[in-house]
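Shown below: target-v5.cif, with mmCIF, C-alpha atoms.
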```cif
data_final
#
loop_
_atom_site.label_atom_id
_atom_site.label_comp_id
_atom_site.auth_asym_id
_atom_site.auth_seq_id
_atom_site.Cartn_x
_atom_site.Cartn_y
_atom_site.Cartn_z
CA MET A 1112 129.70 108.81 77.65
CA ARG A 1113 129.35 108.12 81.37
CA GLN A 1114 125.81 107.47 82.60
CA ALA A 1115 124.20 107.25 86.04
CA ARG A 1116 123.34 103.79 87.34
CA ASN A 1117 120.09 104.94 88.94
CA ILE A 1118 118.64 108.37 88.20
CA PHE A 1119 116.11 108.03 91.02
CA ASP A 1120 118.62 107.48 93.78
CA GLY A 1121 120.72 109.82 95.94
CA LYS A 1122 121.93 113.08 94.45
CA SER A 1123 120.63 112.12 91.00
CA THR A 1124 117.20 113.24 92.17
CA ARG A 1125 118.55 116.75 92.74
CA VAL A 1126 118.98 117.06 88.99
CA ILE A 1127 115.52 115.65 88.25
CA ARG A 1128 113.90 117.85 90.88
CA CYS A 1129 115.61 120.95 89.51
CA LEU A 1130 114.49 120.22 85.95
CA LEU A 1131 110.89 119.51 86.96
CA VAL A 1132 110.48 122.39 89.42
CA ASN A 1133 111.80 124.74 86.71
CA PHE A 1134 110.01 123.08 83.81
CA GLY A 1135 110.18 125.21 80.67
CA LYS A 1136 113.62 126.62 81.44
CA GLU A 1137 116.61 126.02 79.18
CA TRP A 1138 119.82 124.73 80.75
CA VAL A 1139 123.46 123.95 80.17
CA ILE A 1140 125.02 121.20 82.27
CA ARG A 1141 127.20 123.58 84.27
CA SER A 1142 124.22 125.70 85.33
CA ILE A 1143 122.37 122.57 86.51
CA ALA A 1144 125.42 121.51 88.53
CA GLU A 1145 125.67 124.93 90.14
CA GLU A 1146 121.95 125.09 90.87
CA THR A 1147 121.84 121.65 92.46
CA GLN A 1148 125.31 121.69 94.07
CA VAL A 1149 126.11 118.38 92.41
CA ALA A 1150 129.57 117.69 90.96
CA LEU A 1151 129.83 118.63 87.30
CA GLY A 1152 130.92 115.16 86.19
CA TYR A 1153 128.07 113.45 87.98
CA THR A 1154 125.55 115.99 86.69
CA HIS A 1155 126.79 115.22 83.19
CA ALA A 1156 126.24 111.51 83.80
CA VAL A 1157 122.69 112.02 85.07
CA VAL A 1158 121.79 114.29 82.15
CA ALA A 1159 123.29 111.81 79.67
CA THR A 1160 121.06 109.10 81.13
CA LEU A 1161 118.00 111.33 80.99
CA ILE A 1162 118.72 112.05 77.34
CA LYS A 1163 119.16 108.36 76.54
CA LEU A 1164 115.84 107.55 78.24
CA GLY A 1165 114.02 110.28 76.32
CA TYR A 1166 113.24 112.59 79.22
CA VAL A 1167 115.59 115.40 78.18
CA ALA A 1168 116.74 116.69 74.79
CA ARG A 1169 118.64 119.57 73.25
CA ASN A 1170 116.54 122.25 71.55
CA GLU A 1171 117.35 124.38 68.53
CA ASN A 1172 119.57 126.55 70.74
CA ASN A 1173 121.53 123.46 71.86
CA LYS A 1174 120.14 123.97 75.37
CA LEU A 1175 118.81 121.18 77.56
CA VAL A 1176 115.04 120.99 78.08
CA VAL A 1177 112.69 118.44 79.62
CA THR A 1178 110.65 116.80 76.88
CA ASN A 1179 108.38 114.49 78.86
CA PRO A 1180 107.91 115.87 82.38
CA THR A 1181 104.79 113.86 83.21
CA ARG A 1182 106.42 110.51 82.43
CA LEU A 1183 109.59 111.45 84.31
CA LEU A 1184 107.68 112.62 87.38
CA LYS A 1185 105.49 109.52 87.51
CA ARG A 1186 108.45 107.16 87.06
CA TRP A 1187 110.28 108.89 89.90
CA ALA A 1188 107.19 108.83 92.12
CA ALA A 1189 106.68 105.11 91.48
CA TYR A 1190 110.26 104.44 92.59
CA HIS A 1191 110.29 106.77 95.60
CA GLN A 1192 109.38 105.28 98.99
CA TYR A 1193 108.89 108.24 101.31
CA ASP A 1194 108.27 106.16 104.44
CA VAL A 1195 111.35 103.98 103.84
CA MET A 1196 113.98 106.29 102.38
CA ASN A 1197 113.79 109.01 105.04
CA ARG A 1198 114.48 109.03 108.76
CA PHE A 1199 111.53 109.81 111.06
CA LEU A 1200 111.63 111.26 114.59
CA ASP A 1201 108.29 111.02 116.38
CA TYR A 1202 106.85 113.70 118.63
CA TYR A 1203 103.50 114.17 120.30
CA THR A 1204 101.26 117.15 120.89
CA PHE A 1205 97.95 117.28 122.77
CA GLU A 1206 96.83 120.08 120.45
CA ARG A 1207 94.31 118.64 118.00
CA ASP A 1208 93.36 121.85 116.19
CA LEU A 1209 95.34 121.86 112.94
CA GLN A 1210 94.99 125.61 112.49
CA LYS A 1211 96.46 126.27 115.92
CA GLN A 1212 99.39 123.98 115.09
CA LEU A 1213 99.95 125.88 111.86
CA ASP A 1214 99.74 129.18 113.75
CA GLN A 1215 102.65 127.99 115.88
CA LEU A 1216 104.65 127.13 112.77
CA ARG A 1217 104.01 130.58 111.28
CA LYS A 1218 106.01 132.10 114.12
CA ILE A 1219 109.12 130.01 113.42
CA ARG A 1220 111.84 131.29 111.12
CA LYS A 1221 114.72 129.07 112.29
CA PRO A 1222 115.62 126.27 112.03
CA ASP A 1223 114.62 125.67 108.46
CA TYR A 1224 111.72 123.30 107.78
CA SER A 1225 109.30 122.35 105.01
CA LEU A 1226 105.96 120.64 105.47
CA THR A 1227 105.22 117.59 103.35
CA SER A 1228 102.88 114.62 103.08
CA LEU A 1229 99.13 115.10 103.69
CA VAL A 1230 99.47 118.37 105.59
CA GLY A 1231 101.44 119.88 102.71
CA ALA A 1232 98.84 118.65 100.24
CA TRP A 1233 96.01 120.02 102.40
CA LEU A 1234 97.59 123.48 102.39
CA LYS A 1235 98.00 123.38 98.62
CA LYS A 1236 94.73 121.63 97.76
CA PRO A 1237 92.38 121.23 100.78
CA TYR A 1238 90.99 117.80 100.00
CA VAL A 1239 92.28 115.12 102.39
CA ARG A 1240 92.48 116.52 105.92
CA PRO A 1241 95.60 115.27 107.72
CA THR A 1242 95.58 113.63 111.13
CA ASP A 1243 99.26 114.34 111.76
CA ILE A 1244 101.98 116.74 110.64
CA HIS A 1245 105.11 115.80 108.73
CA LEU A 1246 107.91 118.31 108.29
CA TYR A 1247 111.36 118.01 106.82
CA VAL A 1248 114.25 119.26 108.94
CA LYS A 1249 117.93 119.10 108.11
CA SER A 1250 119.26 117.34 111.21
CA GLU A 1251 118.38 115.76 114.53
CA THR A 1252 119.58 118.96 116.23
CA ASP A 1253 117.13 121.00 114.17
CA ALA A 1254 114.37 118.52 115.05
CA LYS A 1255 115.02 119.06 118.76
CA LYS A 1256 114.98 122.84 118.31
CA MET A 1257 111.69 122.66 116.41
CA ALA A 1258 110.19 120.40 119.06
CA GLU A 1259 111.19 122.80 121.81
CA ALA A 1260 109.79 125.79 119.94
CA LEU A 1261 106.51 123.97 119.31
CA GLY A 1262 106.24 122.45 122.78
CA LEU A 1263 106.34 118.86 121.52
CA ASN A 1264 107.15 115.73 123.50
CA PRO A 1265 109.33 112.97 122.00
CA THR A 1266 107.72 109.56 121.71
CA PRO A 1267 109.17 106.20 120.57
CA GLU A 1268 106.51 105.74 117.87
CA ALA A 1269 103.05 106.75 116.62
CA GLY A 1270 103.67 110.46 117.14
CA ASN A 1271 101.22 112.91 115.62
CA VAL A 1272 104.09 115.22 114.62
CA LYS A 1273 106.92 113.65 112.63
CA MET A 1274 110.24 115.36 112.00
CA VAL A 1275 111.60 113.95 108.76
CA ILE A 1276 115.32 113.99 108.02
CA PRO A 1277 115.44 113.50 104.24
CA TYR A 1278 117.67 111.02 102.45
CA ASP A 1279 119.07 114.07 100.64
CA GLU A 1280 118.78 117.80 101.38
CA GLY A 1281 117.57 118.31 97.83
CA ALA A 1282 114.10 117.68 99.26
CA PHE A 1283 114.10 121.33 100.35
CA TYR A 1284 114.73 122.61 96.82
CA GLY A 1285 111.94 124.80 95.47
CA SER A 1286 110.11 125.04 98.79
CA GLN A 1287 107.22 127.49 98.80
CA GLU A 1288 105.34 129.51 101.38
CA ILE A 1289 101.60 128.90 101.69
CA ASP A 1290 99.52 130.82 104.21
CA GLY A 1291 102.65 131.80 106.11
CA VAL A 1292 104.15 128.31 106.48
CA LYS A 1293 106.88 126.58 104.48
CA VAL A 1294 105.90 123.69 102.23
CA VAL A 1295 108.01 121.58 99.88
CA SER A 1296 107.66 122.09 96.13
CA ASN A 1297 104.64 120.61 94.39
CA VAL A 1298 106.97 118.14 92.68
CA GLN A 1299 108.32 116.93 96.03
CA LEU A 1300 104.80 116.76 97.47
CA TYR A 1301 103.63 114.55 94.63
CA VAL A 1302 106.60 112.22 94.91
CA ASP A 1303 106.22 111.91 98.70
CA LEU A 1304 102.49 111.21 98.49
CA TYR A 1305 102.41 108.81 95.55
CA ASN A 1306 103.19 105.64 97.56
CA TYR A 1307 102.05 106.99 100.91
CA PRO A 1308 99.25 105.01 102.65
CA ALA A 1309 96.07 106.51 104.14
CA ARG A 1310 94.79 108.29 101.01
CA GLY A 1311 98.22 109.45 99.90
CA GLU A 1312 97.64 108.47 96.28
CA GLU A 1313 94.34 110.34 96.32
CA ALA A 1314 96.04 113.49 97.61
CA ALA A 1315 98.86 113.00 95.10
CA GLY A 1316 96.28 113.13 92.32
CA LYS A 1317 95.14 116.57 93.43
CA ILE A 1318 98.72 117.83 93.54
CA PHE A 1319 99.35 116.40 90.09
CA GLU A 1320 96.41 118.43 88.77
CA ALA A 1321 98.05 121.60 90.11
CA ILE A 1322 101.42 120.65 88.61
CA SER A 1323 99.86 119.89 85.22
CA LYS A 1324 98.19 123.31 85.12
CA GLU A 1325 101.48 125.04 85.95
CA TRP A 1326 103.33 123.08 83.27
CA ALA A 1327 100.64 123.86 80.70
CA LYS A 1328 101.11 127.57 81.40
CA GLN A 1329 104.88 127.20 80.97
CA GLU A 1330 104.45 125.39 77.65
CA THR A 1331 102.09 128.11 76.43
CA ALA A 1332 104.54 130.84 77.44
CA VAL A 1333 107.41 129.08 75.65
CA ASN A 1334 105.40 128.62 72.46
CA VAL A 1335 104.11 132.21 72.30
#
```

Starting from the file, lay out its structure as structure tokens.
Amino acid sequence: MRQARNIFDGKSTRVIRCLLVNFGKEWVIRSIAEETQVALGYTHAVVATLIKLGYVARNENNKLVVTNPTRLLKRWAAYHQYDVMNRFLDYYTFERDLQKQLDQLRKIRKPDYSLTSLVGAWLKKPYVRPTDIHLYVKSETDAKKMAEALGLNPTPEAGNVKMVIPYDEGAFYGSQEIDGVKVVSNVQLYVDLYNYPARGEEAAGKIFEAISKEWAKQETAVNV
């Protein structure tokens, strides 16, 4: 049976993200492929590897389920290097009031974006206050449109607003809306923060607490 060389690289993470964001759900391989827009053969290879490593198993209904979500999430987070794997475009704003910056974002519907890093964590669990804003966008063109809408100025480096073009568009999967702004899924937040400097690991811990509570509820619902 074909297996994936690295389940934490490229489109493989779309499968992992899908399974973790929807923890508690039963799957067949075809439905995972359709949900993630990953080729059926490659999805099969990733799932086969996850089964071999003990992260996924078939239940009594012969459906695929995640058996050890915490271990899988932490292994992925340890591998993921947010500040290396993605492309960053730096912009600058003289506005220092975070709430006013978020108010500007609340007015934007297009292009698509999702906040991540410390600002995403702060919106989910107000613990570590961010000094800059990181948001995923799908292309350099979208970054320029966002910058124009927000009145941002491009800068070669050290910008306090960073447009992040992800290594794979799967980063947008499961995005949520919090207080009127778009934020990546809790799973993506945790993975992005885990190796991030400037109190990233601390913020990741708070997000992990939220994820654990959600998964506990899912396990309870399944067992009822």

Determine the residue set returned by the PyMOL selection byres ((chain A and resi 1273) around 12) for the present structure, and present it as a PyMOL selection string. chain A and resi 1194+1197-1204+1224-1230+1242-1248+1251+1254-1255+1257-1258+1263-1272+1274-1277

For atom CA of Gly1311 of chain A and atom CA of Glu1330 of chain A, determine how far apart the two atoms are, in Å to one decimal place.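 Answer for the atom CA of Gly1311 of chain A to atom CA of Glu1330 of chain A separation: 28.1 Å.
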
For the structure provided, state which residues fall under the PyMOL selection byres ((chain A and resi 1190) around 9), and present them as a list in words.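 This file gives the following for the PyMOL selection byres ((chain A and resi 1190) around 9): Phe1119, Asp1120, Lys1185, Arg1186, Trp1187, Ala1188, Ala1189, His1191, Gln1192, Val1302 and Asn1306 of chain A.
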
Could you please determine the separation between atom CA of Gln1329 of chain A and atom CA of Val1132 of chain A in Å, to one decimal place? 11.2 Å

Just to confirm, what's the straight-line distance from atom CA of Pro1222 of chain A to atom CA of Arg1125 of chain A in Å (one decimal)?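 Computed distance, atom CA of Pro1222 of chain A to atom CA of Arg1125 of chain A, equals 21.7 Å.
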
Identify, on the basis of all atoms listed in the file, every residue whose closest approach to Arg1116 of chain A does not exceed 12 Å; exclude the query and any residue fewer than 2 positions from it along the same chain; express the result as a PyMOL selection string. chain A and resi 1113-1114+1118-1123+1153+1156-1161

Enumerate, as a list in words, the residues matched when the PyMOL selection byres ((chain A and resi 1134) around 8) is run on the file above.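 That expression, the PyMOL selection byres ((chain A and resi 1134) around 8), corresponds here to Leu1130, Leu1131, Val1132, Asn1133, Gly1135, Lys1136, Val1176, Val1177, Pro1180, Trp1326 and Gln1329 of chain A.
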
Selected residue of minimal separation from Gln1299 of chain A among A:Leu1175, A:Val1239, A:Leu1213, A:Ile1322, counting only C-alpha atoms: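 Once distances to Gln1299 of chain A are computed over only C-alpha atoms, the minimum belongs to A:Ile1322.
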
List the spatial neighbours of Arg1220 of chain A as a PyMOL selection string - criterion: any atom at most 10 Å away, all atoms listed in the file, same-chain residues fewer than 3 positions off excluded. chain A and resi 1216-1217+1223-1224+1292-1293

Compute the distance from (116.6, 122.5, 96.1) to each atom, counting all atoms listed in the file, keep the residues with any atom at most 12 Å away, and return them as JSON, numbers by chain; use the coordinates of the file. {"A": [1122, 1124, 1125, 1126, 1127, 1128, 1129, 1130, 1131, 1132, 1133, 1143, 1144, 1145, 1146, 1147, 1148, 1149, 1225, 1279, 1280, 1281, 1282, 1283, 1284, 1285, 1286, 1287, 1295, 1296, 1298, 1299]}

When you count all atoms listed in the file, which of these residues is closest to Leu1209 of chain A: A:Ala1314, A:Leu1234, A:Ala1309, A:Met1196?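 Under the stated criterion, the closest residue is A:Leu1234.
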
Just add N, CA and C atoms to segment 1292-1324 of chain A and send it as a PDB file, in the frame of the given file.
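Contents of part-v3.pdb, as written:
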```
ATOM      1  N   VAL A1292     103.322 129.441 106.062  1.00  0.00           N
ATOM      2  CA  VAL A1292     104.150 128.310 106.480  1.00  0.00           C
ATOM      3  C   VAL A1292     104.900 127.756 105.280  1.00  0.00           C
ATOM      4  N   LYS A1293     106.018 127.096 105.546  1.00  0.00           N
ATOM      5  CA  LYS A1293     106.880 126.580 104.480  1.00  0.00           C
ATOM      6  C   LYS A1293     106.442 125.174 104.088  1.00  0.00           C
ATOM      7  N   VAL A1294     106.333 124.969 102.783  1.00  0.00           N
ATOM      8  CA  VAL A1294     105.900 123.690 102.230  1.00  0.00           C
ATOM      9  C   VAL A1294     106.860 123.302 101.107  1.00  0.00           C
ATOM     10  N   VAL A1295     107.141 122.026 100.960  1.00  0.00           N
ATOM     11  CA  VAL A1295     108.010 121.580  99.880  1.00  0.00           C
ATOM     12  C   VAL A1295     107.384 121.926  98.528  1.00  0.00           C
ATOM     13  N   SER A1296     108.169 121.837  97.479  1.00  0.00           N
ATOM     14  CA  SER A1296     107.660 122.090  96.130  1.00  0.00           C
ATOM     15  C   SER A1296     106.535 121.121  95.787  1.00  0.00           C
ATOM     16  N   ASN A1297     105.725 121.503  94.827  1.00  0.00           N
ATOM     17  CA  ASN A1297     104.640 120.610  94.390  1.00  0.00           C
ATOM     18  C   ASN A1297     105.193 119.289  93.856  1.00  0.00           C
ATOM     19  N   VAL A1298     106.328 119.358  93.197  1.00  0.00           N
ATOM     20  CA  VAL A1298     106.970 118.140  92.680  1.00  0.00           C
ATOM     21  C   VAL A1298     107.329 117.202  93.830  1.00  0.00           C
ATOM     22  N   GLN A1299     107.944 117.751  94.878  1.00  0.00           N
ATOM     23  CA  GLN A1299     108.320 116.930  96.030  1.00  0.00           C
ATOM     24  C   GLN A1299     107.079 116.381  96.738  1.00  0.00           C
ATOM     25  N   LEU A1300     106.048 117.198  96.848  1.00  0.00           N
ATOM     26  CA  LEU A1300     104.800 116.760  97.470  1.00  0.00           C
ATOM     27  C   LEU A1300     104.231 115.541  96.739  1.00  0.00           C
ATOM     28  N   TYR A1301     104.187 115.639  95.423  1.00  0.00           N
ATOM     29  CA  TYR A1301     103.630 114.550  94.630  1.00  0.00           C
ATOM     30  C   TYR A1301     104.428 113.269  94.829  1.00  0.00           C
ATOM     31  N   VAL A1302     105.738 113.388  94.766  1.00  0.00           N
ATOM     32  CA  VAL A1302     106.600 112.220  94.910  1.00  0.00           C
ATOM     33  C   VAL A1302     106.439 111.594  96.303  1.00  0.00           C
ATOM     34  N   ASP A1303     106.372 112.427  97.337  1.00  0.00           N
ATOM     35  CA  ASP A1303     106.220 111.910  98.700  1.00  0.00           C
ATOM     36  C   ASP A1303     104.874 111.225  98.911  1.00  0.00           C
ATOM     37  N   LEU A1304     103.843 111.721  98.273  1.00  0.00           N
ATOM     38  CA  LEU A1304     102.490 111.210  98.490  1.00  0.00           C
ATOM     39  C   LEU A1304     102.149 109.979  97.664  1.00  0.00           C
ATOM     40  N   TYR A1305     102.812 109.802  96.546  1.00  0.00           N
ATOM     41  CA  TYR A1305     102.410 108.810  95.550  1.00  0.00           C
ATOM     42  C   TYR A1305     102.265 107.399  96.146  1.00  0.00           C
ATOM     43  N   ASN A1306     103.228 106.979  96.947  1.00  0.00           N
ATOM     44  CA  ASN A1306     103.190 105.640  97.560  1.00  0.00           C
ATOM     45  C   ASN A1306     102.823 105.690  99.035  1.00  0.00           C
ATOM     46  N   TYR A1307     102.353 106.838  99.486  1.00  0.00           N
ATOM     47  CA  TYR A1307     102.050 106.990 100.910  1.00  0.00           C
ATOM     48  C   TYR A1307     100.673 106.393 101.221  1.00  0.00           C
ATOM     49  N   PRO A1308     100.555 105.618 102.311  1.00  0.00           N
ATOM     50  CA  PRO A1308      99.250 105.010 102.650  1.00  0.00           C
ATOM     51  C   PRO A1308      98.265 106.056 103.174  1.00  0.00           C
ATOM     52  N   ALA A1309      97.089 105.623 103.552  1.00  0.00           N
ATOM     53  CA  ALA A1309      96.070 106.510 104.140  1.00  0.00           C
ATOM     54  C   ALA A1309      95.736 107.673 103.211  1.00  0.00           C
ATOM     55  N   ARG A1310      95.292 107.325 101.998  1.00  0.00           N
ATOM     56  CA  ARG A1310      94.790 108.290 101.010  1.00  0.00           C
ATOM     57  C   ARG A1310      95.887 109.156 100.397  1.00  0.00           C
ATOM     58  N   GLY A1311      97.124 108.693 100.499  1.00  0.00           N
ATOM     59  CA  GLY A1311      98.220 109.450  99.900  1.00  0.00           C
ATOM     60  C   GLY A1311      98.107 109.555  98.397  1.00  0.00           C
ATOM     61  N   GLU A1312      97.768 108.446  97.736  1.00  0.00           N
ATOM     62  CA  GLU A1312      97.640 108.470  96.280  1.00  0.00           C
ATOM     63  C   GLU A1312      96.530 109.410  95.830  1.00  0.00           C
ATOM     64  N   GLU A1313      95.465 109.449  96.620  1.00  0.00           N
ATOM     65  CA  GLU A1313      94.340 110.340  96.320  1.00  0.00           C
ATOM     66  C   GLU A1313      94.794 111.800  96.393  1.00  0.00           C
ATOM     67  N   ALA A1314      95.520 112.136  97.455  1.00  0.00           N
ATOM     68  CA  ALA A1314      96.040 113.490  97.610  1.00  0.00           C
ATOM     69  C   ALA A1314      97.056 113.806  96.519  1.00  0.00           C
ATOM     70  N   ALA A1315      97.869 112.809  96.155  1.00  0.00           N
ATOM     71  CA  ALA A1315      98.860 113.000  95.100  1.00  0.00           C
ATOM     72  C   ALA A1315      98.177 113.385  93.784  1.00  0.00           C
ATOM     73  N   GLY A1316      97.024 112.802  93.536  1.00  0.00           N
ATOM     74  CA  GLY A1316      96.280 113.130  92.320  1.00  0.00           C
ATOM     75  C   GLY A1316      95.895 114.592  92.253  1.00  0.00           C
ATOM     76  N   LYS A1317      95.513 115.155  93.381  1.00  0.00           N
ATOM     77  CA  LYS A1317      95.140 116.570  93.430  1.00  0.00           C
ATOM     78  C   LYS A1317      96.363 117.459  93.195  1.00  0.00           C
ATOM     79  N   ILE A1318      97.497 117.057  93.756  1.00  0.00           N
ATOM     80  CA  ILE A1318      98.720 117.830  93.540  1.00  0.00           C
ATOM     81  C   ILE A1318      99.158 117.736  92.082  1.00  0.00           C
ATOM     82  N   PHE A1319      98.980 116.559  91.485  1.00  0.00           N
ATOM     83  CA  PHE A1319      99.350 116.400  90.090  1.00  0.00           C
ATOM     84  C   PHE A1319      98.512 117.316  89.193  1.00  0.00           C
ATOM     85  N   GLU A1320      97.251 117.504  89.532  1.00  0.00           N
ATOM     86  CA  GLU A1320      96.410 118.430  88.770  1.00  0.00           C
ATOM     87  C   GLU A1320      96.990 119.836  88.799  1.00  0.00           C
ATOM     88  N   ALA A1321      97.461 120.259  89.973  1.00  0.00           N
ATOM     89  CA  ALA A1321      98.050 121.600  90.110  1.00  0.00           C
ATOM     90  C   ALA A1321      99.338 121.701  89.309  1.00  0.00           C
ATOM     91  N   ILE A1322     100.164 120.653  89.364  1.00  0.00           N
ATOM     92  CA  ILE A1322     101.420 120.650  88.610  1.00  0.00           C
ATOM     93  C   ILE A1322     101.140 120.717  87.107  1.00  0.00           C
ATOM     94  N   SER A1323     100.190 119.929  86.647  1.00  0.00           N
ATOM     95  CA  SER A1323      99.860 119.890  85.220  1.00  0.00           C
ATOM     96  C   SER A1323      99.419 121.256  84.718  1.00  0.00           C
ATOM     97  N   LYS A1324      98.639 121.966  85.522  1.00  0.00           N
ATOM     98  CA  LYS A1324      98.190 123.310  85.120  1.00  0.00           C
ATOM     99  C   LYS A1324      99.371 124.272  85.030  1.00  0.00           C
TER     100      LYS A1324
END
```
